[in-house]
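Visitor: This structure is in structure tokens; I'll ask about it shortly.
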Amino acid sequence: MSTPVATKPIDEPATVTRDRRTARRLTGFMPLIALVALMAALTVADPDFLTQRSLTAALRTAAPLIVLAAGATLVVLCGGIDLSIAALASLSTVFLALWLPDLGGLATPAVIAVAATIGAVQGLAHVLLRLPSFIVTLGGMSILSAVALVVSGAGTVRVVDDSTVKWLDLYVAGYVPMSTAMAVLVVAVIAVILRVTPLRSWISATGYSESAARLAGTPVDLVKIGAFCVSGACAGFAAVMLVSRQFSGGPTMADNLLLPAVAAIVVGGTAITGGHGSVWRSLAGALVVTLLRVGLPIVGVPSAYEQILYGVIIVIAVALTLDRSKISIIK
Amino acid sequence: GCTEEQAGGAEAASEGACKPSDVKLVGQVRNESNPYEASWLAGGDAFAKSVGLTQERLTYAGDSTKQQEQINQILARDTECLVMNVLPNGDSDTAPIVKGADRAGAYLVTQWNKPADLKPAEYKTWVSHITYDGVESGQQIGDALIKTIGGSGGIIALQGVLDTAAAKDRFAGLQASLKKNPGVQLLDQQAANFSRAEALTVTKTLLTKHGDKVKGIWAANDDMALGALEALQQAGLTGKVAVVGIDAVPDAVRAVQNGTMAATVSSDGTWQGGIGLAIGFCVATGKLAVKDIAPDNRAFFAEQFLITKDNAADFAAPKTNPSDFECGNVFNRVAGPLK
Amino acid sequence: MQSEVVDTSRRHPRRGVSFRDAGPPAALVVIFVLFAVLSPQFRSIDNVQNIMDAAAVLAVVTCGITFVLMMGSIDLSAAGVMGASALTVSLLVANNRTDNDFGLLGIAVAIVLGCAFGCLSGLALVLLKVPSFMATLGVSAVGLGVATLMFAGVQPNVSDPMLKSWAIERFLGFSYLTWIAAACILVGWLVQRYTRLGRYAFAIGGAEEVLLLSGVRVKPYKVAVFALAGAFYGLGGVMVTSQLGAGLVQAGSGYDFSAITAAVVGGTLLTGGRGGILHSAVGVLLVMVLTNGLVQVGVSPYWQGGVEGLIVVAAVAAAVIPQRRRNQVVK
Amino acid sequence: MSETVPALEVRGLVKHYPGVKAVDGVDLVVRQHEVLGLAGENGAGKSTLLKALVGLVSPDAGEIYVRGRAVKLRSVVDAANHGIGMVFQEQSLVPNLTAAENILLGSEGGAVRRGVYRWETMRRLAQEQLDKIGSTIDPLARTDTLTFADRQMVEIAKVLRIEERSQHPPVIILDEPTSVLESKEIDTLFAQIRRLREIASVVFVSHRLDEVLDVCDRVAVLRGGRSVGEVAAAGAVPRDLHRMMIGSTGSDDHYHENAAVPVVAEQPRLSVRGLSGTSFRDVDLDVAVGEIVAIVGVHGSGREDVCRALFGAEPTTAGEIRLDGKRIDLSSTRAACAAGIGYVPAERKVEGMVGPMSVAENMTLTKQKARCAGPFVAPRKQAGLVDRWIQRLSIRTPSRDTAIQRLSGGNQQKVVLARWLVGGDIGLLLLDHPTRGLDIGARSEVYRLMRELAAGGVATVLLADSLEEAIGMADRILVMSDGRVVAEVACPSGGKPSPLDLVKEMV
Ligand SMILES: Nc1ncnc2c1ncn2[C@@H]1O[C@H](COP(=O)(O)OP(=O)(O)OP(=O)(O)O)[C@@H](O)[C@H]1O
Ligand SMILES: Nc1ncnc2c1ncn2[C@@H]1O[C@H](COP(=O)(O)OP(=O)(O)OP(=O)(O)O)[C@@H](O)[C@H]1O
Ligand SMILES: O[C@@H]1[C@@H](O)[C@H](O)OC[C@H]1O
Ligand SMILES: [Mg+2]
Ligand SMILES: [Mg+2]
């Protein structure tokens with residue numbers, strides 16, 4: 001169609017005062033506020049939860065999720081979705097485990113490069129075949145899983161000599177898990193690159209209004225392929241983290257991280273329809289999701305109630321963090 | 001500088017120094033929504049109660065990463081006198097659990113899944129690994145199936161989650177059984193992922209594919225066997241095709257009893273849930289010293305029984321009793337060392 | 001995450017409606033013929049019945065999801081809602097755990113429960129303004145938790161003869177479940193074509209903001225659509241229980257993504273405003289023919305998932321070729 | 001009720017947006033059975049005021065009286081119940097519904113009983129509405145299969161449902177309904193407006209002041225959110241209105257013909273041979289350096305698609321395109337941009353701008369060199385450049401960081417145009433209805449800009465808003481019909497053809 005109407009039918013109340021602006025600024029911090037609130041709640045439920053060791057462990061746990069979510073955030077910002085990240089990470093753990101004996105230290109960059117390539121290929125299929133990313137990556141998910149199953153001989157591939165990936169499982173100064181530091185670094189690098197280059201506005205334009213972006217001469221196709229490529233590379237890097245702590249690779253190792261990763265993105269307040277959001281938000285989102293995943297059972301919530309609470313809290317968290325001033329219609 | 005361990009935190013107690021009341025018991029399985037694993041947690045609760053403690057029940061929804069996350073978090077707390085009885089999601093999940101527990105000095109018993117070259121004997125607090133011999137059980141029910149169909153004809157196989165040791169070993173057992181019986185033909189094998197629902201559709205499809213040639217169905221666990229039974233009922237073939245499974249869940253034992261299923265193999269969830277905690281508890285409280293545990297008991301196959309119509313009645317109720325968990329008896333059900 | 005066609009070629013009146021809609025049915029025919037040629041068992045009457053039986057539950061779930069997709073929303077709650085309804089019905093009809101024997105009433109309660117869960121999703125969307133993606137994911141978790149509570153460690157086995165007969169008895173060669181699915185498709189089609197609810201769902205996907213400008217209150221309709229979808233999932237859970245003869249928490253596992261795949265393969269757009277029940281019915285058949293055919297022709301279980309993914313992507317690609325245009329937006 | 005009570009009265013209406021006083025204390029009276037024109041520059045506050053009258057904008061202050069009674073209008077339904085309906089500036093139809101459903105949307109009456117559709121009744125009711133305005137479209141056609149103009153007629157048919165809904169003479173508001181219509185359709189619309197005057201009051205907005213004076217009884221003028229007066233239409237001329245709108249006299253030379261530069265025909269910038277695509281065939285087109293070539297034709301002539309094809313946004317099946325003598329391959333919009341081609345699409349909201357992004361970002365989306373140092377964005381350079389163009393085109397915006405969707409239509413259009421100019425490296429500009437929705441002043445500025453660009457050597461292809469505009473601006477006019485170029489008319493300064501000459505060629 002050709003004639004959507006941009007009119008926001010219900011417009012803001014008339015009082016354009018300072019508190020409105022503060023409120024708007026506050027929405028940027030909402031993911032953080034949600035994080036702190038959740039931590040407080042868990043601590044009340046079980047005072048033991050708020051120890052340095054406990055928090056360090058949670059940070060370490062969150063690292064692969066942060067990286068996965070950060071990469072996929074770019075695809076979401078472009079208005080698409082990448083459902084293949086978890087399967088790709090699983091496949092990458094298999095590759096890494098298989099290649100470590102021969103390639104040693106080169107295995108890590110090799111796996112990341114291969115994962116980036118696979119991501120880019122999906123992006124290419126999405127762009128060239130004009131297929132919804134949902135379908136391309138859903139298909140990609142099954143294909144990558146099948147490949148992982150076959151390549152691994154349907155089993156765990158043990159890593160005997162993990163000396164070249166071990167560094168990722170160390171602690172900086174005893175307190176900061178290296179993997180978490182690296183995850184934050186990945187987020188920071190992506191954020192900085194977006195900030196100082198035109199990429200940020202290209203991605204947003206693509207996400208908000210692809211046809212307008214294209215008619216403005218924005219390299220929409222390249223931007224999308226690039227986003228899928230980075231998403232793939234991040235899946236590869238997350239896989240390296242997993243191998244470094246699992247001492248093995250497995251064809252389904254990371255599969256269950258898909259929904260948590262998407263949840264992390266949305267909880268961070270990035271609009272699932274594209275355009276608005278950031279990788280920082282996804283970082284906070286990943287921490288919220290991790291706290292929910294490990295926190296609820298650890299403070300003693302029984303399994304059935306844990307699921308119910310998870311469902312309720314995650315919905316409330318999104319209700320808090322989503323910056324609705326940028327999106328008039330929520331689907 | 002970088003360190004391998006995180007700073008701070010509790011020192012593990014020296015072996016055997018724990019007061020019984022200081023011991024913390026943790027049982028971890030996939031979920032509470034299947035009968036087998038629910039019985040595991042119930043067994044754990046029963047044991048904990050018998051020593052005046054409570055079991056912390058953890059479930060991870062079959063999600064490997066979530067299992068690791070929970071273990072990490074548990075180990076980041078006070079690990080003095082911590083005893084864990086863990087069902088690792090897959091082979092690959094065992095190593096990090098073991099290494100974590102070892103570092104933290106928590107007493108650990110694992111069950112079902114572990115890579116062959118990872119050995120409890122090489123660790124201080126990884127007390128034992130318990131499993132059932134999948135090759136044997138696969139073969140036992142294979143043999144029983146073949147006997148039921150009269151030693152010749154076609155069968156189909158429903159495999160478990162393809163990348164688990166249980167699925168692979170059990171299927172290897174079936175293949176061994178088939179080797180001995182050249183008259184029996186494996187018409188088809190499909191993965192139904194240990195799931196009742198998947199087994200139902202796959203079986204229906206295989207029944208139309210192979211028609212009357214199907215005389216028997218070999219399923220790598222009882223859930224799938226029960227799914228296959230439903231498929232047979234829907235195809236009007238109840239009783240005409242023999243079905244076997246593994247796990248001896250109540251419904252399957254009942255089916256064996258009334259003849260709709262040919263055989264299953266006991267793996268006793270209630271016992272598994274209790275025994276892991278019992279072994280750890282005994283070591284933590286000094287009633288058992290790790291160095292005194294026979295090497296063969298550090299990683300062993302537990303006794304399992306083929307259940308057919310003849311002995312099904314004996315298995316209708318769980319055979320676990322409190323005396324199984326006394327420190328002198330904890331290795332009573334050892335059938336042999338892990339191969 | 002969605003695919004939207006901004007029709008920039010307003011100057012050409014729509015060429016060949018039939019041509020555009022013909023993609024999925026054509027793909028269905030091609031794939032069917034292909035398998036029929038490759039495998040004599042595949043083309044047997046028995047197998048066709050089998051495919052229809054196997055398609056029944058997916059068809060009902062897809063009916064529900066189609067209305068949600070038509071609005072441009074998404075629904076991932078099927079797994080949880082079906083689990084809860086499966087446990088509910090298995091505990092309310094004659095079974096081995098309780099003394100209940102409510103028969104049809106029990107079935108009705110399970111469907112109403114599904115409806116209530118759907119309502120929850122809808123309310124979270126319109127009141128809390130949480131994107132449906134997340135709202136339904138949360139509701140799914142809640143559903144699974146509720147189901148686990150009801151499960152309480154012991155498998156409820158159904159002995160109700162009526163419920164069990166649904167999966168076993170046949171009428172004109174097809175099981176009752178298949179007929180129930182057919183009835184759902186008919187009802188769905190009537191709702192879509194002849195009721196305000198159906199047409200507004202379609203319109204909301206086309207241009208929600210215009211409805212607002214026209215003074216239509218869309219919120220009640222959105223909630224109603226999710227509730228309708230929930231009722232279909234509830235029925236789906238009942239049907240699975242009938243098939244399996246027992247109430248499983250996992251009764252709905254995998255149906256969420258399969259149903260979306262089926263709907264999209266059938267030509268429903270994830271951005272809404274296009275497609276419908278009949279499209280989805282074709283999509284369901286396509287997916288089921290594929291799953292069945294791959295087993296019939298003997299593709300290794302290791303590869304089945306991968307091959308299926310590949311064919312789904314190819315089928316959607318083939319189906320969109322007639323609509324492919326320069327500067328068409330696909331998300 | 002007395003005939004002298006105004007149908008609608010607004011007193012001291014105020015609506016402020018962050019940084020903008022959109023409506024700043026407006027008084028307005030709409031008498032019964034009159035057609036009231038509303039004139040004002042882009043951003044003067046017309047649409048905001050009118051939206052307040054149908055409950056879409058909640059005013060910060062002020063009263064609204066309907067037939068003498070003070071009312072609070074909270075929603076479109078509220079307004080409709082008071083007999084006020086509006087056709088919005090942006091088309092607002094649901095594309096995937098039938099025309100009939102759109103016409104009856106929200107007030108289905110007998111066509112929907114207890115939630116169930118009665119298609120036959122619906123068709124009949126919709127047909128009645130369409131008959132009123134003499135539209136011949138099929139009520140059951142899907143709206144997105146209709147032409148733009150037909151859709152506009154559907155909107156008008158829709159708003160006329162108000163007649164059926166209210167017992168009192170309704171007030172019907174038409175916000176720039178003619179900007180996308182062609183002269184024949186405009187004539188039909190005006191006939192309707194005149195018919196409506198017998199039974200209703202009409203508020204009519206257009207930037208074509210002659211139109212306003214033609215159809216209205218009285219014209220109220222807004223400037224900067226305030227009422228600045230009104231004139232009786234009879235006897236007034238556009239200049240009078242214009243003076244009130246901007247507070248001074250505009251230039252007479254609307255099309256800036258004195259700034260036109262002679263074209264050097266030997267220097268072709270664009271040369272197209274035998275271009276064919278889905279909706280056009282064998283198009284030959286030459287545009288010289290500094291030349292403005294207009295293409296005219298009715299809907300369906302294929303001229304928009306030719307334009308898009310020249311920007312790589314529409315596939316071609318045959319033909320050759322040369323730019324400055326070099327053959328170029330326009331397989332994507334990127335390629336076109338790289339070759340120095342710019343394009344301003346007709347449908348600004350969807351294709352021209354990225355609504356939630358800022359004026360600055362929208363303006364610099366294309367031209368990296370203009371805002372970057374190497375691969376990096378240079379914020380100061382970007383800001384300076386953007387501010388310069390905001391000033392140069394007098395774009396009315398609180399700041400360069402304001403989301404473009406908060407600007408008035410005309411100002412949005414200027415930003416889109418500026419996008420191609422910030423780089424200073426454009427060789428060929430393709431303008432699809434560049435002045436759609438612009439006020440006279442803004443138009444005049446756009447024309448001046450076009451002249452300036454032409455003088456600087458930019459070749460321009462113009463799909464004009466009206467024949468007058470084509471004639472006024474072009475050096476040469478091509479006539480397209482049914483996908484082919486059927487005539488070429490020279491259009492030099494001083495020797496302009498008359499609109500009639502062109503119409504002859506078009507049929
Ligand atoms: N005479 C009628 N009786 C009943 N319904 C009608 C009638 N005419 C139109 N409709 C409705 O109008 C809709 C639009 O018709 P059309 O065939 O153009 O689109 P569609 O088939 O629904 O959409 P798509 O082509 O995207 O699948 C139809 O789906 C139908 O619901
Ligand atoms: N939703 C909004 N938020 C912020 N500012 C707005 C909004 N809507 C309108 N404005 C501002 O209010 C002023 C009046 O806009 P309005 O659309 O009423 O002008 P107009 O007279 O209709 O102009 P045009 O002739 O271009 O349509 C403009 O400066 C515009 O930027
Ligand atoms: O049924 C059991 C299955 O759930 C688990 O994965 O492995 C052992 C099986 O017996
Ligand atoms: Mg159709
Ligand atoms: Mg306006």
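Ligands are numbered from 1 in the order shown, residues from 1 within each chain, and chains are lettered A, B, ... in the order they appear in the structure tokens.
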Please check which protein, DNA or RNA residues sit within 7 Å of ligand 2, counting only C-alpha atoms and all ligand atoms, and write them as JSON, numbers by chain.
Guide: {"A": [7, 8, 11], "D": [17, 18, 20, 21, 22, 23, 40, 41, 42, 43, 44, 45, 46, 47, 48, 49, 396, 397, 406, 407, 408, 409, 410, 411, 437, 438, 439]}
Visitor: Next, the residues of the selection above should be written as a PDB file, in the first residue's frame with C-alpha atoms.
Guide:
```pdb
ATOM      1  CA  THR A   7      -0.543  10.995  12.626  1.00  0.00           C
ATOM      2  CA  LYS A   8      -0.283   9.953  16.206  1.00  0.00           C
ATOM      3  CA  ASP A  11      -1.040  12.933  21.296  1.00  0.00           C
TER       4      ASP A  11
ATOM      5  CA  TYR D  17       3.993  21.039  20.891  1.00  0.00           C
ATOM      6  CA  PRO D  18       7.477  20.900  22.356  1.00  0.00           C
ATOM      7  CA  VAL D  20       6.201  24.813  18.595  1.00  0.00           C
ATOM      8  CA  LYS D  21       3.121  26.894  19.090  1.00  0.00           C
ATOM      9  CA  ALA D  22       1.153  25.025  16.456  1.00  0.00           C
ATOM     10  CA  VAL D  23      -2.109  26.787  17.240  1.00  0.00           C
ATOM     11  CA  GLY D  40      -2.032  29.609   5.546  1.00  0.00           C
ATOM     12  CA  GLU D  41       1.546  28.728   4.909  1.00  0.00           C
ATOM     13  CA  ASN D  42       2.933  25.305   5.591  1.00  0.00           C
ATOM     14  CA  GLY D  43       3.021  24.877   9.311  1.00  0.00           C
ATOM     15  CA  ALA D  44       0.571  27.702   9.939  1.00  0.00           C
ATOM     16  CA  GLY D  45      -1.449  25.291  12.051  1.00  0.00           C
ATOM     17  CA  LYS D  46      -4.321  24.417   9.733  1.00  0.00           C
ATOM     18  CA  SER D  47      -4.214  20.662  10.152  1.00  0.00           C
ATOM     19  CA  THR D  48      -3.671  20.900  13.889  1.00  0.00           C
ATOM     20  CA  LEU D  49      -6.648  23.188  14.272  1.00  0.00           C
ATOM     21  CA  ARG D 396      10.394  25.710   9.869  1.00  0.00           C
ATOM     22  CA  THR D 397      11.604  23.369  12.580  1.00  0.00           C
ATOM     23  CA  ARG D 406       6.795  16.554  13.720  1.00  0.00           C
ATOM     24  CA  LEU D 407       7.164  19.027  10.878  1.00  0.00           C
ATOM     25  CA  SER D 408       4.363  20.218   8.671  1.00  0.00           C
ATOM     26  CA  GLY D 409       4.074  18.566   5.294  1.00  0.00           C
ATOM     27  CA  GLY D 410       5.636  21.380   3.379  1.00  0.00           C
ATOM     28  CA  ASN D 411       8.617  21.590   5.620  1.00  0.00           C
ATOM     29  CA  GLY D 437       1.227  19.992  -0.466  1.00  0.00           C
ATOM     30  CA  LEU D 438       3.478  23.080  -0.439  1.00  0.00           C
ATOM     31  CA  ASP D 439       2.169  26.544   0.121  1.00  0.00           C
TER      32      ASP D 439
END
```
Visitor: Select from stretch 23-265 of chain D everything DSSP, run on the backbone, classes as helix (DSSP H, G or I), then give the selection as number ranges by chain.
Guide: D: 46-53, 76-81, 99-104, 109-111, 119-132, 143-145, 148-159, 161-165, 183-199, 209-215, 238-246, 257-259
Visitor: Please produce a file of the residues just selected, as a CSV table (one decimal), in the first residue's frame, where the atoms kept are C-alpha atoms.
Guide:
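Okay, again_9.csv is ready:
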```
chain,number,residue,atom,x,y,z
D,46,LYS,CA,-4.3,24.4,9.7
D,47,SER,CA,-4.2,20.7,10.2
D,48,THR,CA,-3.7,20.9,13.9
D,49,LEU,CA,-6.6,23.2,14.3
D,50,LEU,CA,-8.8,21.0,12.2
D,51,LYS,CA,-7.7,17.8,14.0
D,52,ALA,CA,-8.8,19.4,17.2
D,53,LEU,CA,-12.3,19.8,15.7
D,76,VAL,CA,-13.4,10.9,16.2
D,77,VAL,CA,-16.6,9.1,17.2
D,78,ASP,CA,-17.4,12.0,19.5
D,79,ALA,CA,-16.9,14.4,16.7
D,80,ALA,CA,-19.0,12.3,14.3
D,81,ASN,CA,-21.8,12.2,16.8
D,99,ALA,CA,-13.7,0.3,-0.8
D,100,ALA,CA,-17.1,-0.5,0.7
D,101,GLU,CA,-15.7,-1.4,4.0
D,102,ASN,CA,-13.6,1.7,4.1
D,103,ILE,CA,-16.5,3.9,3.3
D,104,LEU,CA,-18.5,2.3,6.1
D,109,GLY,CA,-25.1,0.6,10.1
D,110,GLY,CA,-27.2,-2.1,8.7
D,111,ALA,CA,-24.3,-3.7,6.9
D,119,TRP,CA,-22.0,-8.0,2.1
D,120,GLU,CA,-24.9,-7.1,-0.1
D,121,THR,CA,-26.2,-4.4,2.2
D,122,MET,CA,-22.6,-3.1,2.5
D,123,ARG,CA,-22.2,-2.9,-1.2
D,124,ARG,CA,-25.5,-1.1,-1.5
D,125,LEU,CA,-24.8,1.4,1.2
D,126,ALA,CA,-21.3,2.1,-0.2
D,127,GLN,CA,-22.7,2.4,-3.7
D,128,GLU,CA,-25.1,5.1,-2.5
D,129,GLN,CA,-22.2,7.0,-1.1
D,130,LEU,CA,-20.2,6.6,-4.3
D,131,ASP,CA,-23.1,7.6,-6.4
D,132,LYS,CA,-23.3,10.9,-4.6
D,143,THR,CA,-8.7,-0.4,-2.0
D,144,ASP,CA,-5.1,-1.0,-2.9
D,145,THR,CA,-6.0,-1.9,-6.4
D,148,PHE,CA,-4.6,7.3,-5.9
D,149,ALA,CA,-7.3,9.6,-7.2
D,150,ASP,CA,-10.0,6.9,-6.8
D,151,ARG,CA,-8.9,6.4,-3.3
D,152,GLN,CA,-9.3,10.1,-2.6
D,153,MET,CA,-12.8,9.8,-3.9
D,154,VAL,CA,-13.4,6.9,-1.6
D,155,GLU,CA,-12.3,9.1,1.3
D,156,ILE,CA,-14.8,11.7,0.3
D,157,ALA,CA,-17.5,9.2,-0.1
D,158,LYS,CA,-16.6,8.0,3.4
D,159,VAL,CA,-16.8,11.4,5.1
D,161,ARG,CA,-21.5,9.2,5.6
D,162,ILE,CA,-21.8,11.9,8.2
D,163,GLU,CA,-24.9,13.0,6.4
D,164,GLU,CA,-26.5,9.8,7.3
D,165,ARG,CA,-25.4,9.8,10.9
D,183,SER,CA,-8.6,18.7,-12.9
D,184,LYS,CA,-11.5,16.5,-13.9
D,185,GLU,CA,-11.7,14.9,-10.5
D,186,ILE,CA,-11.3,18.3,-8.9
D,187,ASP,CA,-14.3,19.5,-10.9
D,188,THR,CA,-16.4,16.6,-9.6
D,189,LEU,CA,-15.3,17.3,-6.1
D,190,PHE,CA,-16.2,21.0,-6.4
D,191,ALA,CA,-19.6,20.1,-7.7
D,192,GLN,CA,-20.0,17.9,-4.6
D,193,ILE,CA,-18.9,20.7,-2.3
D,194,ARG,CA,-21.5,23.0,-3.9
D,195,ARG,CA,-24.1,20.4,-3.4
D,196,LEU,CA,-23.1,19.9,0.2
D,197,ARG,CA,-23.5,23.5,0.9
D,198,GLU,CA,-27.2,23.1,0.7
D,199,ILE,CA,-27.2,20.5,3.5
D,209,LEU,CA,-5.4,29.8,-3.7
D,210,ASP,CA,-7.4,30.2,-6.9
D,211,GLU,CA,-9.2,27.0,-6.1
D,212,VAL,CA,-9.9,28.3,-2.6
D,213,LEU,CA,-11.4,31.5,-3.9
D,214,ASP,CA,-13.3,29.5,-6.6
D,215,VAL,CA,-15.1,27.1,-4.3
D,238,PRO,CA,-5.0,35.1,-4.8
D,239,ARG,CA,-2.6,37.9,-4.1
D,240,ASP,CA,-4.8,39.3,-1.4
D,241,LEU,CA,-4.8,36.0,0.4
D,242,HIS,CA,-1.1,35.6,-0.1
D,243,ARG,CA,-0.4,38.9,1.4
D,244,MET,CA,-2.3,38.0,4.5
D,245,MET,CA,-0.6,34.6,4.7
D,246,ILE,CA,2.9,35.9,4.7
D,257,GLU,CA,11.2,32.7,-15.3
D,258,ASN,CA,13.6,35.6,-15.4
D,259,ALA,CA,16.1,33.3,-13.6
```
Visitor: Would you please extract all strand (DSSP E or B) residues from stretch 59-152 of chain B, as assigned by DSSP on the backbone, and give them as a list of chain:residue names?
Guide: B:Thr59, B:Leu82, B:Val83, B:Met84, B:Asn85, B:Val86, B:Tyr107, B:Leu108, B:Val109, B:Thr110, B:Gln111, B:Trp126, B:Val127, B:Ser128, B:His129, B:Ile130, B:Thr131
Visitor: Provide the atom CA of D:Lys496 to atom CA of D:Leu463 distance in Å, to one decimal place.
Guide: 17.3 Å
Visitor: From the list C:Ala124, C:Val216, C:Ala94, C:Leu290, which residue is nearest C:Gln304 when using only C-alpha atoms?
Guide: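 Between C:Ala124, C:Val216, C:Ala94, C:Leu290, the residue approaching C:Gln304 most closely is C:Leu290.
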Visitor: Once you count only C-alpha atoms and all ligand atoms, what closest atom pair and distance in Å to one decimal does each residue of chain B within 6 Å of ligand 3 have, with rows by chain and rising residue number, as a Markdown table?
Guide:
```
| residue | atom | partner | partner_atom_place_in_ligand_line | distance |
| --- | --- | --- | --- | --- |
| B:Ala166 | CA | ligand 3 | 7 (O) | 5.7 |
| B:Phe194 | CA | ligand 3 | 4 (O) | 6.0 |
| B:Asn221 | CA | ligand 3 | 1 (O) | 5.1 |
| B:Asp247 | CA | ligand 3 | 10 (O) | 5.2 |
```
Visitor: Compile the residues of chain C that lie within 6 Å of chain B, evaluated using only C-alpha atoms, and express the compilation as a ChimeraX atom specification.
Guide: /C:41,47,148,153-154,168,301
Visitor: Store the residues picked out above in a file with N, CA and C atoms, as a JSON list (two decimals), in the first residue's frame.
Guide:
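Result saved to again-v1.json:
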```
[["chain", "number", "residue", "atom", "x", "y", "z"],
["C", 41, "GLN", "N", 4.66, -45.95, -1.34],
["C", 41, "GLN", "CA", 3.90, -45.93, -0.09],
["C", 41, "GLN", "C", 3.32, -44.55, 0.15],
["C", 47, "ASN", "N", -1.66, -43.59, 3.55],
["C", 47, "ASN", "CA", -0.73, -42.52, 3.92],
["C", 47, "ASN", "C", -1.38, -41.15, 3.81],
["C", 148, "THR", "N", 2.67, -27.66, 34.78],
["C", 148, "THR", "CA", 3.55, -28.45, 35.65],
["C", 148, "THR", "C", 2.93, -28.61, 37.04],
["C", 153, "GLY", "N", 3.85, -34.55, 39.07],
["C", 153, "GLY", "CA", 4.68, -35.75, 39.16],
["C", 153, "GLY", "C", 4.07, -37.04, 38.67],
["C", 154, "VAL", "N", 2.76, -37.08, 38.51],
["C", 154, "VAL", "CA", 2.16, -38.33, 38.04],
["C", 154, "VAL", "C", 1.37, -38.10, 36.75],
["C", 168, "ILE", "N", -9.32, -42.26, 17.29],
["C", 168, "ILE", "CA", -9.35, -43.63, 16.78],
["C", 168, "ILE", "C", -10.46, -43.84, 15.77],
["C", 301, "PRO", "N", 17.45, -39.63, 9.38],
["C", 301, "PRO", "CA", 16.92, -38.78, 10.45],
["C", 301, "PRO", "C", 17.86, -37.63, 10.78]]
```
Visitor: What residues in chain B lie within 6 Å of chain A, counting only C-alpha atoms, written as a ChimeraX atom specification?
Guide: /B:1-4,6-7,63,69-70,73,76,92,96,162-163
Visitor: Would you save the residues of that selection, restricted to C-alpha atoms, as a short mmCIF file (atom, residue, chain, number, x, y, z; two decimals), in the first residue's frame?
Guide:
```
data_model
loop_
_atom_site.label_atom_id
_atom_site.label_comp_id
_atom_site.auth_asym_id
_atom_site.auth_seq_id
_atom_site.Cartn_x
_atom_site.Cartn_y
_atom_site.Cartn_z
CA GLY B 1 46.68 -10.41 36.45
CA CYS B 2 44.41 -13.22 35.47
CA THR B 3 43.54 -16.10 37.69
CA GLU B 4 41.84 -19.35 37.09
CA GLN B 6 37.49 -16.17 41.21
CA ALA B 7 38.59 -14.45 44.35
CA ASP B 63 18.52 -26.62 28.72
CA GLU B 69 24.21 -21.41 35.03
CA GLN B 70 22.50 -22.96 38.02
CA GLN B 73 25.42 -20.03 40.97
CA ALA B 76 29.34 -19.39 44.06
CA SER B 92 29.24 -32.43 27.16
CA PRO B 96 32.31 -28.27 33.56
CA LEU B 162 20.47 -38.47 18.72
CA ASP B 163 23.35 -36.73 20.46
#
```
Visitor: I'd like the contact shell of A:Ala216 - 10 Å cut-off, only C-alpha atoms, skipping same-chain residues fewer than 3 positions apart - returned as a PyMOL selection string.
Guide: (chain A and resi 205+210-213+219-220) or (chain D and resi 333-334+337+342-345+351-354+362-367+416+419-420)
Visitor: With only C-alpha atoms and all ligand atoms counted, collect every polymer residue having an atom within 9 Å of ligand 1; state the result as number ranges by chain.
Guide: C: 17-18, 20-21, 189-190, 192-194, 198-199, 202, 267-268, 273-276, 278-279; D: 96-98, 101, 117-120, 123, 139-143, 145
Visitor: Report, in Å with one decimal, the straight-line distance from atom CA of A:Ile203 to atom CA of D:Ser92.
Guide: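 Atom CA of A:Ile203 sits 27.9 Å away from atom CA of D:Ser92.
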Visitor: So which residues touch stretch 16-22 of chain B within 9 Å, counting only C-alpha atoms, skipping near sequence neighbours fewer than 4 positions away, as a PyMOL selection string?
Guide: chain B and resi 51-53+80-82+281-289
